[in-house]
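Undergrad: I am attaching a structure below and will ask some questions about it afterwards.
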Amino acid sequence: MAGEERSKAASTGSSGLTRPPRARLDQPKAPGLKLLPEYDPEAFGRFSERIARFLGTGRFIVWMTLIIIVWVAWNVWAPKELRWDEYPFIFLTLMLSLQASYAAPLILLAQNRQDDRDRVTHEQDRKQNERSIADTEYLSREIAALRMGLGEVATRDWIRSELQDMVRDMEERRIVRTSESDEGDRRGPARP
């Protein structure tokens, strides 16, 4: 009983009037009344692309031409009681206008979807090109650093030439020392 009184007191204000229950924020709203029918835009877009592709084929033009020829021939040469569209062919004009009025927006929708796909593809290509350029610049810097580093590295030929120079210097010093010691031997013992 106490729980009911508390919920009743919570739903009434100080004036004693009952308030409508508050909407819970942790739950989605219940769907309201919709005037337009719901549809899947992707499915409708794919359907419109199929129609637009068919309208752009030779098969469609051949079928359309055959239908118009049969229509006109029937309404010209058929018995008067069986004709449904007399000479000015008002009904044929209405049908062609109706077909065109549906075909144009469907073709535009298909073109817009293709433009969107092209835009996404172009954006992906642009990002890929940026990554390729960045990678190329990085590799160029690395190659330049390696070249600079190789300039400071001692190569086999450089070490060989340095060793040959050192051997020559040592041989010259030995020759000079041996010649000095030979001169000293000729003069006699050195005096202190």
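Going by the structure tokens order, chains are called A, B, ..., each with residues numbered from 1, while ligands are numbered from 1 in the order shown.
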Give me the residues near stretch 47-64 of chain A as an MDAnalysis selection string, where near means some atom within 7 Å (using only C-alpha atoms) and where sequence neighbours in that chain fewer than 6 positions away do not count.
TA: chainID A and resid 106:107 109:110
Undergrad: Keeping C-alpha atoms, export the residues of the selection given above as a CSV table (one decimal), in the first residue's frame.
TA:
```
chain,number,residue,atom,x,y,z
A,106,LEU,CA,15.1,7.2,-61.7
A,107,ILE,CA,17.9,8.0,-64.1
A,109,LEU,CA,18.8,9.0,-58.8
A,110,ALA,CA,21.0,6.4,-60.4
```
Undergrad: Within 10 Å of stretch 89-102 of chain A, counting only C-alpha atoms, which residues show up once you throw out same-chain ones fewer than 5 positions away? Write them as a PDB file with C-alpha atoms, in the first residue's frame, please.
TA:
```
ATOM      1  CA  MET A  64       9.529   0.445 -76.967  1.00  0.00           C
ATOM      2  CA  ILE A  68       4.446   1.794 -80.252  1.00  0.00           C
ATOM      3  CA  TRP A  71      -0.230   0.246 -80.642  1.00  0.00           C
ATOM      4  CA  VAL A  72      -0.514   2.568 -83.619  1.00  0.00           C
ATOM      5  CA  ASN A  75      -5.601   1.594 -83.375  1.00  0.00           C
ATOM      6  CA  VAL A  76      -5.477   2.427 -87.103  1.00  0.00           C
ATOM      7  CA  TRP A  84      -9.020   1.869 -77.521  1.00  0.00           C
ATOM      8  CA  ILE A 107      17.921   8.026 -64.052  1.00  0.00           C
TER       9      ILE A 107
END
```
Undergrad: Can you check which residues of stretch 52-109 of chain A DSSP gives as helix (DSSP H, G or I) on the backbone and send them as JSON, numbers by chain?
TA: {"A": [52, 53, 54, 55, 58, 59, 60, 61, 62, 63, 64, 65, 66, 67, 68, 69, 70, 71, 72, 73, 74, 75, 76, 77, 80, 81, 82, 90, 91, 92, 93, 94, 95, 96, 97, 98, 99, 100, 101, 102, 103, 104, 105, 106, 107, 108, 109]}
Undergrad: Keeping N, CA and C atoms, export the residues of the selection given above as a CSV table (one decimal), in the first residue's frame.
TA:
```csv
chain,number,residue,atom,x,y,z
A,52,ALA,N,17.4,2.2,-64.7
A,52,ALA,CA,18.2,3.2,-65.5
A,52,ALA,C,19.1,2.4,-66.5
A,53,ARG,N,19.7,1.3,-66.0
A,53,ARG,CA,20.6,0.6,-66.9
A,53,ARG,C,19.8,0.0,-68.0
A,54,PHE,N,18.6,-0.5,-67.7
A,54,PHE,CA,17.7,-1.1,-68.8
A,54,PHE,C,17.3,0.0,-69.8
A,55,LEU,N,16.9,1.2,-69.2
A,55,LEU,CA,16.4,2.2,-70.1
A,55,LEU,C,17.5,2.7,-71.1
A,58,GLY,N,19.9,-0.9,-75.9
A,58,GLY,CA,19.2,-1.0,-77.2
A,58,GLY,C,18.0,-1.9,-77.1
A,59,ARG,N,18.0,-2.9,-76.2
A,59,ARG,CA,16.8,-3.8,-76.0
A,59,ARG,C,15.6,-2.9,-75.6
A,60,PHE,N,15.8,-2.0,-74.7
A,60,PHE,CA,14.6,-1.1,-74.3
A,60,PHE,C,14.1,-0.4,-75.6
A,61,ILE,N,15.0,0.2,-76.3
A,61,ILE,CA,14.5,1.0,-77.5
A,61,ILE,C,13.8,0.1,-78.5
A,62,VAL,N,14.3,-1.1,-78.7
A,62,VAL,CA,13.6,-2.0,-79.6
A,62,VAL,C,12.3,-2.4,-79.1
A,63,TRP,N,12.2,-2.8,-77.8
A,63,TRP,CA,10.8,-3.1,-77.3
A,63,TRP,C,9.9,-1.9,-77.3
A,64,MET,N,10.4,-0.8,-77.0
A,64,MET,CA,9.5,0.4,-77.0
A,64,MET,C,9.0,0.7,-78.4
A,65,THR,N,9.9,0.6,-79.4
A,65,THR,CA,9.5,0.8,-80.8
A,65,THR,C,8.5,-0.2,-81.2
A,66,LEU,N,8.7,-1.5,-80.9
A,66,LEU,CA,7.7,-2.5,-81.2
A,66,LEU,C,6.3,-2.2,-80.6
A,67,ILE,N,6.3,-1.9,-79.3
A,67,ILE,CA,5.1,-1.6,-78.6
A,67,ILE,C,4.3,-0.4,-79.3
A,68,ILE,N,5.1,0.6,-79.6
A,68,ILE,CA,4.4,1.8,-80.3
A,68,ILE,C,3.9,1.4,-81.6
A,69,ILE,N,4.7,0.7,-82.4
A,69,ILE,CA,4.2,0.3,-83.8
A,69,ILE,C,3.0,-0.6,-83.6
A,70,VAL,N,3.0,-1.6,-82.7
A,70,VAL,CA,1.8,-2.4,-82.5
A,70,VAL,C,0.6,-1.5,-82.1
A,71,TRP,N,0.8,-0.6,-81.2
A,71,TRP,CA,-0.2,0.2,-80.6
A,71,TRP,C,-0.9,1.0,-81.8
A,72,VAL,N,0.0,1.7,-82.5
A,72,VAL,CA,-0.5,2.6,-83.6
A,72,VAL,C,-1.2,1.7,-84.7
A,73,ALA,N,-0.6,0.6,-85.1
A,73,ALA,CA,-1.2,-0.3,-86.1
A,73,ALA,C,-2.5,-0.8,-85.7
A,74,TRP,N,-2.6,-1.2,-84.4
A,74,TRP,CA,-3.9,-1.8,-83.9
A,74,TRP,C,-5.0,-0.7,-83.9
A,75,ASN,N,-4.6,0.5,-83.5
A,75,ASN,CA,-5.6,1.6,-83.4
A,75,ASN,C,-5.9,2.3,-84.7
A,76,VAL,N,-5.2,1.9,-85.8
A,76,VAL,CA,-5.5,2.4,-87.1
A,76,VAL,C,-6.3,1.4,-87.9
A,77,TRP,N,-5.8,0.1,-87.9
A,77,TRP,CA,-6.4,-0.9,-88.8
A,77,TRP,C,-7.4,-1.9,-88.1
A,80,LYS,N,-13.4,-0.8,-85.5
A,80,LYS,CA,-13.7,0.4,-84.7
A,80,LYS,C,-14.0,0.0,-83.2
A,81,GLU,N,-14.8,-1.1,-83.1
A,81,GLU,CA,-15.2,-1.5,-81.7
A,81,GLU,C,-14.0,-2.0,-80.9
A,82,LEU,N,-12.9,-2.4,-81.5
A,82,LEU,CA,-11.8,-2.9,-80.7
A,82,LEU,C,-10.7,-1.9,-80.5
A,90,ILE,N,-4.2,10.0,-78.0
A,90,ILE,CA,-4.0,10.7,-76.7
A,90,ILE,C,-3.6,9.7,-75.6
A,91,PHE,N,-4.1,8.5,-75.5
A,91,PHE,CA,-3.7,7.6,-74.5
A,91,PHE,C,-2.2,7.2,-74.7
A,92,LEU,N,-1.8,7.0,-75.9
A,92,LEU,CA,-0.4,6.6,-76.1
A,92,LEU,C,0.5,7.8,-75.7
A,93,THR,N,0.1,9.0,-76.0
A,93,THR,CA,0.9,10.2,-75.5
A,93,THR,C,0.9,10.2,-74.0
A,94,LEU,N,-0.2,9.9,-73.4
A,94,LEU,CA,-0.2,9.9,-71.9
A,94,LEU,C,0.7,8.8,-71.4
A,95,MET,N,0.7,7.6,-71.9
A,95,MET,CA,1.6,6.5,-71.5
A,95,MET,C,3.0,6.9,-71.7
A,96,LEU,N,3.4,7.5,-72.8
A,96,LEU,CA,4.8,7.9,-73.0
A,96,LEU,C,5.2,9.0,-72.1
A,97,SER,N,4.3,9.9,-71.8
A,97,SER,CA,4.6,11.0,-70.9
A,97,SER,C,4.8,10.4,-69.4
A,98,LEU,N,4.0,9.5,-69.1
A,98,LEU,CA,4.1,8.8,-67.8
A,98,LEU,C,5.4,8.1,-67.6
A,99,GLN,N,5.7,7.3,-68.7
A,99,GLN,CA,7.0,6.6,-68.7
A,99,GLN,C,8.2,7.5,-68.6
A,100,ALA,N,8.1,8.7,-69.3
A,100,ALA,CA,9.2,9.6,-69.2
A,100,ALA,C,9.3,10.3,-67.9
A,101,SER,N,8.1,10.6,-67.3
A,101,SER,CA,8.1,11.3,-66.0
A,101,SER,C,8.7,10.4,-64.9
A,102,TYR,N,8.6,9.1,-65.0
A,102,TYR,CA,9.2,8.2,-64.0
A,102,TYR,C,10.6,7.9,-64.4
A,103,ALA,N,10.9,7.8,-65.7
A,103,ALA,CA,12.3,7.4,-66.1
A,103,ALA,C,13.3,8.5,-65.7
A,104,ALA,N,12.9,9.8,-65.9
A,104,ALA,CA,13.9,10.9,-65.6
A,104,ALA,C,14.4,10.9,-64.2
A,105,PRO,N,13.5,10.9,-63.2
A,105,PRO,CA,14.0,10.9,-61.8
A,105,PRO,C,14.7,9.6,-61.4
A,106,LEU,N,14.3,8.5,-62.0
A,106,LEU,CA,15.1,7.2,-61.7
A,106,LEU,C,16.5,7.3,-62.3
A,107,ILE,N,16.6,7.9,-63.5
A,107,ILE,CA,17.9,8.0,-64.1
A,107,ILE,C,18.8,9.0,-63.2
A,108,LEU,N,18.1,10.1,-62.8
A,108,LEU,CA,18.9,11.1,-62.0
A,108,LEU,C,19.3,10.4,-60.6
A,109,LEU,N,18.4,9.6,-60.0
A,109,LEU,CA,18.8,9.0,-58.8
A,109,LEU,C,20.0,8.0,-59.0
```
